[in-house]
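Asker: File follows, my_file_28.pdb with PDB, C-alpha atoms:
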ATOM      1  CA  MET A   9       4.520 -27.116   5.941
ATOM      2  CA  PRO A  10       4.036 -24.326   8.506
ATOM      3  CA  ARG A  11       0.757 -23.842  10.308
ATOM      4  CA  LEU A  12      -1.184 -20.626   9.819
ATOM      5  CA  SER A  13      -0.327 -19.558  13.363
ATOM      6  CA  GLU A  14       3.394 -19.756  12.532
ATOM      7  CA  VAL A  15       3.049 -17.706   9.358
ATOM      8  CA  ILE A  16       0.872 -15.124  11.116
ATOM      9  CA  ALA A  17       3.473 -14.839  13.892
ATOM     10  CA  ALA A  18       6.068 -14.029  11.236
ATOM     11  CA  LEU A  19       3.790 -11.420   9.639
ATOM     12  CA  GLU A  20       3.026  -9.875  13.033
ATOM     13  CA  ASN A  21       6.756  -9.581  13.617
ATOM     14  CA  LEU A  22       7.028  -7.562  10.403
ATOM     15  CA  TRP A  23       3.932  -5.460  11.082
ATOM     16  CA  PRO A  24       2.950  -5.615  14.782
ATOM     17  CA  ALA A  25      -0.762  -4.998  15.287
ATOM     18  CA  GLU A  26      -0.084  -2.664  18.207
ATOM     19  CA  ARG A  27       1.546  -0.187  15.799
ATOM     20  CA  ALA A  28      -1.691   0.260  13.852
ATOM     21  CA  GLU A  29      -3.765   3.401  14.366
ATOM     22  CA  SER A  30      -6.477   3.090  17.015
ATOM     23  CA  TRP A  31      -9.231   3.356  14.383
ATOM     24  CA  ASP A  32      -7.733   0.644  12.187
ATOM     25  CA  ALA A  33      -8.782  -3.010  11.824
ATOM     26  CA  VAL A  34      -5.737  -5.198  11.244
ATOM     27  CA  GLY A  35      -4.783  -8.780  11.936
ATOM     28  CA  THR A  36      -6.351 -12.108  11.013
ATOM     29  CA  VAL A  37      -9.956 -11.845   9.835
ATOM     30  CA  VAL A  38     -10.681 -15.517   9.101
ATOM     31  CA  GLY A  39      -8.594 -18.673   9.345
ATOM     32  CA  ASP A  40      -7.894 -21.761  11.452
ATOM     33  CA  PRO A  41      -4.592 -21.338  13.343
ATOM     34  CA  ASP A  42      -3.844 -25.044  12.887
ATOM     35  CA  GLN A  43      -4.353 -25.197   9.123
ATOM     36  CA  GLU A  44      -1.290 -25.769   6.956
ATOM     37  CA  VAL A  45      -0.119 -23.010   4.619
ATOM     38  CA  THR A  46       1.601 -23.791   1.346
ATOM     39  CA  ARG A  47       0.653 -20.870  -0.905
ATOM     40  CA  VAL A  48       0.156 -17.173  -0.073
ATOM     41  CA  LEU A  49      -1.303 -14.363  -2.184
ATOM     42  CA  PHE A  50      -0.646 -10.655  -1.514
ATOM     43  CA  ALA A  51      -3.033  -7.942  -2.732
ATOM     44  CA  VAL A  52      -4.178  -4.434  -1.830
ATOM     45  CA  ASP A  53      -7.935  -5.001  -1.570
ATOM     46  CA  PRO A  54      -9.885  -7.936  -0.071
ATOM     47  CA  VAL A  55     -12.599  -7.747  -2.733
ATOM     48  CA  GLN A  56     -14.429 -10.651  -4.342
ATOM     49  CA  GLU A  57     -12.294 -10.541  -7.476
ATOM     50  CA  ILE A  58      -9.142 -11.026  -5.416
ATOM     51  CA  VAL A  59     -10.702 -13.766  -3.293
ATOM     52  CA  ASP A  60     -11.754 -15.602  -6.463
ATOM     53  CA  GLU A  61      -8.161 -15.282  -7.675
ATOM     54  CA  ALA A  62      -6.952 -16.810  -4.405
ATOM     55  CA  VAL A  63      -9.369 -19.716  -4.876
ATOM     56  CA  LYS A  64      -8.189 -20.308  -8.445
ATOM     57  CA  LEU A  65      -4.559 -20.113  -7.337
ATOM     58  CA  GLY A  66      -5.106 -22.623  -4.537
ATOM     59  CA  ALA A  67      -3.890 -20.172  -1.890
ATOM     60  CA  ASP A  68      -4.233 -21.025   1.790
ATOM     61  CA  LEU A  69      -3.631 -17.443   2.931
ATOM     62  CA  LEU A  70      -4.565 -14.071   1.464
ATOM     63  CA  VAL A  71      -2.708 -11.052   2.854
ATOM     64  CA  THR A  72      -4.160  -7.639   1.994
ATOM     65  CA  HIS A  73      -3.248  -4.072   2.842
ATOM     66  CA  HIS A  74      -6.800  -2.783   3.165
ATOM     67  CA  PRO A  75      -9.109  -4.136   5.881
ATOM     68  CA  LEU A  76     -12.279  -6.016   5.013
ATOM     69  CA  TYR A  77     -14.336  -4.576   7.875
ATOM     70  CA  LEU A  78     -12.792  -1.252   8.837
ATOM     71  CA  ARG A  79     -15.747  -0.094  10.929
ATOM     72  CA  GLY A  80     -17.068  -3.424  12.151
ATOM     73  CA  THR A  81     -20.236  -5.212  11.137
ATOM     74  CA  THR A  82     -23.279  -6.969  12.532
ATOM     75  CA  THR A  83     -23.596  -9.537   9.747
ATOM     76  CA  VAL A  84     -21.524 -11.696   7.437
ATOM     77  CA  ALA A  85     -24.532 -12.841   5.420
ATOM     78  CA  ALA A  86     -23.600 -13.759   1.863
ATOM     79  CA  SER A  87     -26.348 -11.427   0.624
ATOM     80  CA  HIS A  88     -23.859  -8.592   1.309
ATOM     81  CA  PHE A  89     -20.716  -8.340  -0.822
ATOM     82  CA  LYS A  90     -18.349  -8.405   2.168
ATOM     83  CA  GLY A  91     -20.248 -11.311   3.685
ATOM     84  CA  ARG A  92     -19.872 -13.133   0.384
ATOM     85  CA  VAL A  93     -16.110 -12.596   0.632
ATOM     86  CA  VAL A  94     -16.113 -14.184   4.101
ATOM     87  CA  HIS A  95     -18.195 -17.153   2.907
ATOM     88  CA  THR A  96     -15.905 -17.738  -0.070
ATOM     89  CA  LEU A  97     -12.809 -17.637   2.105
ATOM     90  CA  ILE A  98     -14.158 -20.051   4.699
ATOM     91  CA  LYS A  99     -15.641 -22.487   2.164
ATOM     92  CA  ASN A 100     -12.241 -22.720   0.468
ATOM     93  CA  ASP A 101     -10.124 -22.870   3.650
ATOM     94  CA  ILE A 102      -8.416 -19.563   2.842
ATOM     95  CA  ALA A 103      -7.278 -17.373   5.721
ATOM     96  CA  LEU A 104      -7.296 -13.566   5.453
ATOM     97  CA  HIS A 105      -4.749 -11.385   7.240
ATOM     98  CA  VAL A 106      -4.615  -7.567   7.056
ATOM     99  CA  ALA A 107      -1.622  -5.238   7.513
ATOM    100  CA  HIS A 108      -2.734  -1.631   7.063
ATOM    101  CA  THR A 109      -1.431   1.353   9.050
ATOM    102  CA  ASN A 110       0.996  -0.972  10.835
ATOM    103  CA  ALA A 111       2.512  -1.630   7.388
ATOM    104  CA  ASP A 112       2.415   2.091   6.520
ATOM    105  CA  THR A 113       4.761   2.998   9.383
ATOM    106  CA  ALA A 114       6.954  -0.121   9.265
ATOM    107  CA  ASP A 115      10.615  -0.205   8.281
ATOM    108  CA  PRO A 116      10.470  -1.005   5.439
ATOM    109  CA  GLY A 117       6.886   0.082   4.906
ATOM    110  CA  VAL A 118       4.437   1.074   2.210
ATOM    111  CA  SER A 119       6.167   4.352   1.388
ATOM    112  CA  ASP A 120       9.578   2.654   1.125
ATOM    113  CA  ALA A 121       8.106   0.399  -1.552
ATOM    114  CA  LEU A 122       6.639   3.419  -3.350
ATOM    115  CA  ALA A 123      10.006   5.205  -3.239
ATOM    116  CA  GLY A 124      11.755   2.086  -4.508
ATOM    117  CA  ALA A 125       9.396   1.799  -7.460
ATOM    118  CA  LEU A 126      10.476   5.289  -8.548
ATOM    119  CA  ASP A 127      14.205   4.797  -7.826
ATOM    120  CA  LEU A 128      14.151   7.401  -5.068
ATOM    121  CA  ARG A 129      16.732   7.353  -2.274
ATOM    122  CA  VAL A 130      15.010   7.349   1.126
ATOM    123  CA  VAL A 131      16.498   9.793   3.626
ATOM    124  CA  GLY A 132      14.065   9.174   6.482
ATOM    125  CA  PRO A 133      10.413   9.190   7.543
ATOM    126  CA  LEU A 134       8.234  12.212   6.827
ATOM    127  CA  VAL A 135       6.484  11.871  10.200
ATOM    128  CA  PRO A 136       8.803   9.882  12.491
ATOM    129  CA  ASP A 137       7.370   7.380  14.949
ATOM    130  CA  PRO A 138       8.283   8.787  18.390
ATOM    131  CA  ALA A 139       8.422   5.227  19.751
ATOM    132  CA  ASP A 140      11.213   4.247  17.332
ATOM    133  CA  PRO A 141      14.681   4.982  18.759
ATOM    134  CA  SER A 142      16.293   4.325  15.374
ATOM    135  CA  GLY A 143      14.242   7.082  13.750
ATOM    136  CA  ARG A 144      13.433   4.942  10.707
ATOM    137  CA  ARG A 145       9.773   4.108  11.249
ATOM    138  CA  GLY A 146       6.930   6.503  10.595
ATOM    139  CA  LEU A 147       4.465   7.821   8.016
ATOM    140  CA  GLY A 148       5.680   8.743   4.556
ATOM    141  CA  ARG A 149       9.273   9.102   3.431
ATOM    142  CA  ILE A 150      11.539  12.007   2.520
ATOM    143  CA  CYS A 151      13.571  11.124  -0.548
ATOM    144  CA  GLU A 152      16.323  12.448  -2.787
ATOM    145  CA  LEU A 153      16.795  11.936  -6.509
ATOM    146  CA  ASP A 154      20.140  10.832  -7.921
ATOM    147  CA  HIS A 155      19.998  13.829 -10.256
ATOM    148  CA  PRO A 156      17.526  16.723 -10.614
ATOM    149  CA  VAL A 157      14.513  16.266 -12.902
ATOM    150  CA  THR A 158      11.555  18.438 -13.802
ATOM    151  CA  VAL A 159       8.127  17.852 -12.329
ATOM    152  CA  ARG A 160       7.005  16.771 -15.803
ATOM    153  CA  GLU A 161       9.776  14.181 -15.999
ATOM    154  CA  LEU A 162       9.060  12.931 -12.499
ATOM    155  CA  ALA A 163       5.355  12.572 -13.291
ATOM    156  CA  ALA A 164       6.218  10.625 -16.440
ATOM    157  CA  ARG A 165       8.459   8.343 -14.377
ATOM    158  CA  ALA A 166       5.675   7.727 -11.865
ATOM    159  CA  ALA A 167       3.197   7.008 -14.650
ATOM    160  CA  ALA A 168       5.604   4.493 -16.200
ATOM    161  CA  ARG A 169       6.741   2.789 -12.977
ATOM    162  CA  LEU A 170       3.461   2.517 -11.046
ATOM    163  CA  PRO A 171       0.686   0.148 -12.169
ATOM    164  CA  ALA A 172      -1.457   1.619 -14.938
ATOM    165  CA  THR A 173      -4.747   3.163 -13.813
ATOM    166  CA  ALA A 174      -7.430   5.272 -15.452
ATOM    167  CA  GLN A 175      -6.324   8.300 -13.449
ATOM    168  CA  GLY A 176      -2.635   8.167 -14.218
ATOM    169  CA  ILE A 177      -0.719  10.978 -12.491
ATOM    170  CA  ARG A 178      -2.243  14.420 -11.869
ATOM    171  CA  VAL A 179       0.145  17.336 -11.357
ATOM    172  CA  ALA A 180      -0.309  20.640  -9.534
ATOM    173  CA  GLY A 181       2.319  23.353  -9.956
ATOM    174  CA  ASP A 182       4.730  24.355 -12.711
ATOM    175  CA  PRO A 183       5.620  21.185 -14.656
ATOM    176  CA  GLU A 184       9.037  22.632 -15.512
ATOM    177  CA  THR A 185      10.040  23.171 -11.867
ATOM    178  CA  THR A 186      13.213  21.324 -10.882
ATOM    179  CA  VAL A 187      12.867  18.568  -8.281
ATOM    180  CA  ARG A 188      15.796  17.461  -6.131
ATOM    181  CA  THR A 189      13.918  16.261  -3.060
ATOM    182  CA  ILE A 190      10.469  14.728  -2.740
ATOM    183  CA  ALA A 191       8.174  13.418  -0.022
ATOM    184  CA  VAL A 192       6.146  10.303  -0.792
ATOM    185  CA  SER A 193       3.256   8.691   1.027
ATOM    186  CA  GLY A 194       1.391   5.624  -0.174
ATOM    187  CA  GLY A 195      -2.392   6.043   0.024
ATOM    188  CA  SER A 196      -4.256   9.182   1.118
ATOM    189  CA  GLY A 197      -1.727  11.850   2.024
ATOM    190  CA  ASP A 198      -3.231  15.317   2.222
ATOM    191  CA  SER A 199      -3.345  15.153   6.027
ATOM    192  CA  LEU A 200       0.478  15.291   5.891
ATOM    193  CA  PHE A 201       0.807  18.701   4.223
ATOM    194  CA  ASP A 202       2.128  20.407   7.369
ATOM    195  CA  ALA A 203       4.936  17.873   7.625
ATOM    196  CA  VAL A 204       5.625  18.107   3.888
ATOM    197  CA  ARG A 205       5.938  21.892   4.049
ATOM    198  CA  ALA A 206       8.131  21.693   7.139
ATOM    199  CA  SER A 207      10.463  19.232   5.394
ATOM    200  CA  GLY A 208      11.276  21.752   2.652
ATOM    201  CA  VAL A 209      11.015  19.243  -0.205
ATOM    202  CA  ASP A 210      10.380  20.336  -3.775
ATOM    203  CA  ALA A 211       7.493  17.933  -4.470
ATOM    204  CA  PHE A 212       5.022  15.573  -2.829
ATOM    205  CA  LEU A 213       3.758  12.333  -4.377
ATOM    206  CA  THR A 214       0.719  10.691  -2.803
ATOM    207  CA  ALA A 215      -2.937   9.890  -3.572
ATOM    208  CA  ASP A 216      -6.472  11.153  -2.946
ATOM    209  CA  LEU A 217      -5.547  14.835  -2.799
ATOM    210  CA  ARG A 218      -8.597  17.018  -2.167
ATOM    211  CA  HIS A 219      -9.238  20.365  -3.831
ATOM    212  CA  HIS A 220      -8.834  22.757  -0.893
ATOM    213  CA  PRO A 221      -5.692  21.278   0.726
ATOM    214  CA  ALA A 222      -4.050  20.979  -2.705
ATOM    215  CA  SER A 223      -5.041  24.531  -3.664
ATOM    216  CA  GLU A 224      -3.649  25.921  -0.424
ATOM    217  CA  ALA A 225      -0.425  23.951  -0.842
ATOM    218  CA  VAL A 226       0.380  25.306  -4.305
ATOM    219  CA  SER A 227      -0.944  28.822  -3.614
ATOM    220  CA  HIS A 228       1.360  29.567  -0.707
ATOM    221  CA  THR A 229       4.486  27.537  -1.502
ATOM    222  CA  PRO A 230       6.467  26.466  -4.611
ATOM    223  CA  LEU A 231       5.637  22.840  -3.718
ATOM    224  CA  ALA A 232       4.688  20.647  -6.696
ATOM    225  CA  LEU A 233       2.081  17.936  -6.194
ATOM    226  CA  LEU A 234       1.835  14.564  -7.922
ATOM    227  CA  ASP A 235      -1.460  12.791  -7.268
ATOM    228  CA  ALA A 236      -1.610   9.114  -8.238
ATOM    229  CA  ALA A 237      -4.372   6.531  -7.804
ATOM    230  CA  HIS A 238      -4.629   5.265  -4.218
ATOM    231  CA  TRP A 239      -4.355   1.612  -5.257
ATOM    232  CA  ALA A 240      -1.324   2.279  -7.471
ATOM    233  CA  THR A 241       0.681   3.950  -4.704
ATOM    234  CA  GLU A 242       0.145   0.996  -2.364
ATOM    235  CA  TRP A 243       0.527  -1.912  -4.788
ATOM    236  CA  PRO A 244       4.388  -1.850  -4.713
ATOM    237  CA  TRP A 245       4.143  -2.808  -1.042
ATOM    238  CA  CYS A 246       2.669  -6.162  -2.087
ATOM    239  CA  GLU A 247       5.869  -7.044  -3.946
ATOM    240  CA  GLN A 248       8.019  -5.824  -1.070
ATOM    241  CA  ALA A 249       5.955  -7.753   1.509
ATOM    242  CA  ALA A 250       6.004 -10.909  -0.631
ATOM    243  CA  ALA A 251       9.797 -10.703  -0.832
ATOM    244  CA  GLN A 252       9.966 -10.357   2.953
ATOM    245  CA  LEU A 253       7.837 -13.465   3.458
ATOM    246  CA  ASP A 254       9.877 -15.340   0.839
ATOM    247  CA  GLU A 255      13.016 -14.592   2.849
ATOM    248  CA  ILE A 256      11.361 -15.805   6.064
ATOM    249  CA  SER A 257      10.169 -18.952   4.291
ATOM    250  CA  ASP A 258      13.700 -19.713   3.076
ATOM    251  CA  ARG A 259      15.127 -19.118   6.538
ATOM    252  CA  HIS A 260      12.668 -21.548   8.141
ATOM    253  CA  ASP A 261      12.715 -24.014   5.212
ATOM    254  CA  TRP A 262       8.939 -23.620   4.852
ATOM    255  CA  ASN A 263       8.982 -23.832   1.057
ATOM    256  CA  LEU A 264       6.052 -21.408   0.774
ATOM    257  CA  ARG A 265       4.909 -20.376  -2.690
ATOM    258  CA  VAL A 266       4.318 -16.630  -2.481
ATOM    259  CA  HIS A 267       2.435 -14.698  -5.156
ATOM    260  CA  VAL A 268       1.446 -11.074  -5.816
ATOM    261  CA  SER A 269      -1.869 -10.299  -7.461
ATOM    262  CA  LYS A 270      -1.592  -8.113 -10.542
ATOM    263  CA  THR A 271      -5.364  -7.668 -10.718
ATOM    264  CA  VAL A 272      -6.211  -3.960 -10.844
ATOM    265  CA  THR A 273      -8.728  -3.215  -8.108
ATOM    266  CA  ASP A 274      -8.625   0.552  -8.435
ATOM    267  CA  PRO A 275     -12.338   1.493  -8.601
ATOM    268  CA  TRP A 276     -11.924   3.969 -11.474
ATOM    269  CA  THR A 277     -12.102   2.207 -14.825
ATOM    270  CA  SER A 278     -11.836   4.915 -17.507
ATOM    271  CA  HIS A 279     -10.830   8.530 -18.055
ATOM    272  CA  SER A 280     -11.987  11.091 -20.613
ATOM    273  CA  PRO A 281      -9.711  14.157 -20.727
ATOM    274  CA  SER A 282     -11.360  17.524 -21.236
ATOM    275  CA  PRO A 283     -10.841  18.955 -24.747
ATOM    276  CA  GLY A 284      -8.025  21.481 -24.632
ATOM    277  CA  ALA A 285      -6.868  20.379 -21.177
ATOM    278  CA  PRO A 286      -3.178  21.007 -20.401
ATOM    279  CA  ASN A 287      -0.814  18.056 -20.776
TER     280      ASN A 287
END
Would you put the structure from the file into structure tokens?
Answerer:
Amino acid sequence: MPRLSEVIAALENLWPAERAESWDAVGTVVGDPDQEVTRVLFAVDPVQEIVDEAVKLGADLLVTHHPLYLRGTTTVAASHFKGRVVHTLIKNDIALHVAHTNADTADPGVSDALAGALDLRVVGPLVPDPADPSGRRGLGRICELDHPVTVRELAARAAARLPATAQGIRVAGDPETTVRTIAVSGGSGDSLFDAVRASGVDAFLTADLRHHPASEAVSHTPLALLDAAHWATEWPWCEQAAAQLDEISDRHDWNLRVHVSKTVTDPWTSHSPSPGAPN
């Protein structure tokens, strides 16, 4: 069986920590480098429900997309919910490793997984990484569809292909507009509107769109917006990342058992549509 340090080295090769944003908190949060790893669980959020799932599964390593302590902390007391996560992990010999913005810009990265879930053909990054000579890394992806569809049809596809959430898919713009090209970005994406407009795509699929940026986008351009739940747009990365680690495990004859959590950790739990609201 590989040691944790060996598995982490493989993960760091996929998503180098130095490619994370300066404000981010990635890498190994807890774990003994010398402990053996036999079972790995991938998930979006390092919340108690996921940690309990890792315990039940008998995982030695939990890999999440979102950091546990994004802005640092002065305590890991179990009286706080994040401290309780740390205590549970350590008591059960489970390591925690985070790949966040370094996984967003990777090749393949979070947005590649999102595009793949919707059967979109990736053309290139929305915001290229200037440090990548191949021009394949970067934030978001510009994609083409195999054949044109309406915004309504594309939204229905996203709702069917992404994990079910209370929010579903919100749409801004004419639902009958034809879409041939689309930009996608897993997670919060309204900071990318300038790049989306410059790309000339017909639509933009992302999450966490705020009122004013979305209003400006549809008021001044024919761009259609598809706003999905943050968790749902990033969950496909877990399957992609698990497949990458499976391939590494086979290559090294590690015989790791790699799992993807299907537990929904989107914080929104229900939705009541307004009477008479448009479909």
Asker: So which residues get picked by the PyMOL selection byres ((chain A and resi 264-281) around 8) here, written as a count of residues only?
Answerer: 29
Asker: Can you list what the PyMOL selection byres ((chain A and resi 126) around 9) grabs from this structure, as a list in words?
Answerer: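 Against this file, the PyMOL selection byres ((chain A and resi 126) around 9) returns the residues Ala121, Leu122, Ala123, Gly124, Ala125, Asp127, Leu128, Leu162, Arg165, Ala166, Arg169 and Leu170 of chain A.
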Asker: Could you tell me how far atom CA of Gly66 of chain A lies from atom CA of Leu78 of chain A, in Å and to one decimal?
Answerer: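 Between atom CA of Gly66 of chain A and atom CA of Leu78 of chain A the gap works out to 26.4 Å.
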Asker: From the options A:Thr185, A:Ser87, A:Ser193, A:Asn100, which residue's atoms come nearest to Pro230 of chain A, counting all atoms listed in the file?
Answerer: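 That would be A:Thr185, the residue with the smallest distance to Pro230 of chain A.
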Asker: Neighbouring residues of Thr186 of chain A were defined as those with any atom within 7 Å, considering only C-alpha atoms; residues of the same chain fewer than 2 positions away were excluded. Please report them as a PyMOL selection string.
Answerer: chain A and resi 156-159+184+188
Asker: Next, write the just-selected residues to a file, as a PDB file, in the coordinates of the input, keeping C-alpha atoms as the atom set.
Answerer:
ATOM      1  CA  PRO A 156      17.526  16.723 -10.614  1.00  0.00           C
ATOM      2  CA  VAL A 157      14.513  16.266 -12.902  1.00  0.00           C
ATOM      3  CA  THR A 158      11.555  18.438 -13.802  1.00  0.00           C
ATOM      4  CA  VAL A 159       8.127  17.852 -12.329  1.00  0.00           C
ATOM      5  CA  GLU A 184       9.037  22.632 -15.512  1.00  0.00           C
ATOM      6  CA  ARG A 188      15.796  17.461  -6.131  1.00  0.00           C
TER       7      ARG A 188
END
Asker: Expanded to explicit residues, what is the PyMOL selection byres ((chain A and resi 36) around 8) for this file, as a list of chain:residue names?
Answerer: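 With the shown file as input, the PyMOL selection byres ((chain A and resi 36) around 8) matches A:Ile16, A:Val34, A:Gly35, A:Val37, A:Val38, A:Gly39, A:Ala103, A:Leu104, A:His105, A:Val106.
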Asker: Mind dumping the selected residues with C-alpha atoms as an mmCIF file, keeping the file's coordinate frame?
Answerer:
data_model
loop_
_atom_site.group_PDB
_atom_site.id
_atom_site.type_symbol
_atom_site.label_atom_id
_atom_site.label_comp_id
_atom_site.auth_asym_id
_atom_site.auth_seq_id
_atom_site.Cartn_x
_atom_site.Cartn_y
_atom_site.Cartn_z
ATOM 1 C CA ILE A 16 0.872 -15.124 11.116
ATOM 2 C CA VAL A 34 -5.737 -5.198 11.244
ATOM 3 C CA GLY A 35 -4.783 -8.780 11.936
ATOM 4 C CA VAL A 37 -9.956 -11.845 9.835
ATOM 5 C CA VAL A 38 -10.681 -15.517 9.101
ATOM 6 C CA GLY A 39 -8.594 -18.673 9.345
ATOM 7 C CA ALA A 103 -7.278 -17.373 5.721
ATOM 8 C CA LEU A 104 -7.296 -13.566 5.453
ATOM 9 C CA HIS A 105 -4.749 -11.385 7.240
ATOM 10 C CA VAL A 106 -4.615 -7.567 7.056
#
Asker: Rounded to one decimal place, report the atom CA of Val192 of chain A-atom CA of Arg27 of chain A distance in Å.
Answerer: 20.2 Å
Asker: Using all atoms listed in the file, which of A:Gly194, A:Asp216, A:Pro141, A:Ala107 sits nearest Glu26 of chain A?
Answerer: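 Going through A:Gly194, A:Asp216, A:Pro141, A:Ala107 one by one, the smallest distance to Glu26 of chain A is for A:Ala107.
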Asker: Point out the residue among A:Leu233, A:Leu19, A:Leu217, A:Val135 with the least atom-to-atom distance to Ala180 of chain A, counting only C-alpha atoms.
Answerer: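 Of A:Leu233, A:Leu19, A:Leu217, A:Val135, the one nearest Ala180 of chain A, counting only C-alpha atoms, is A:Leu233.
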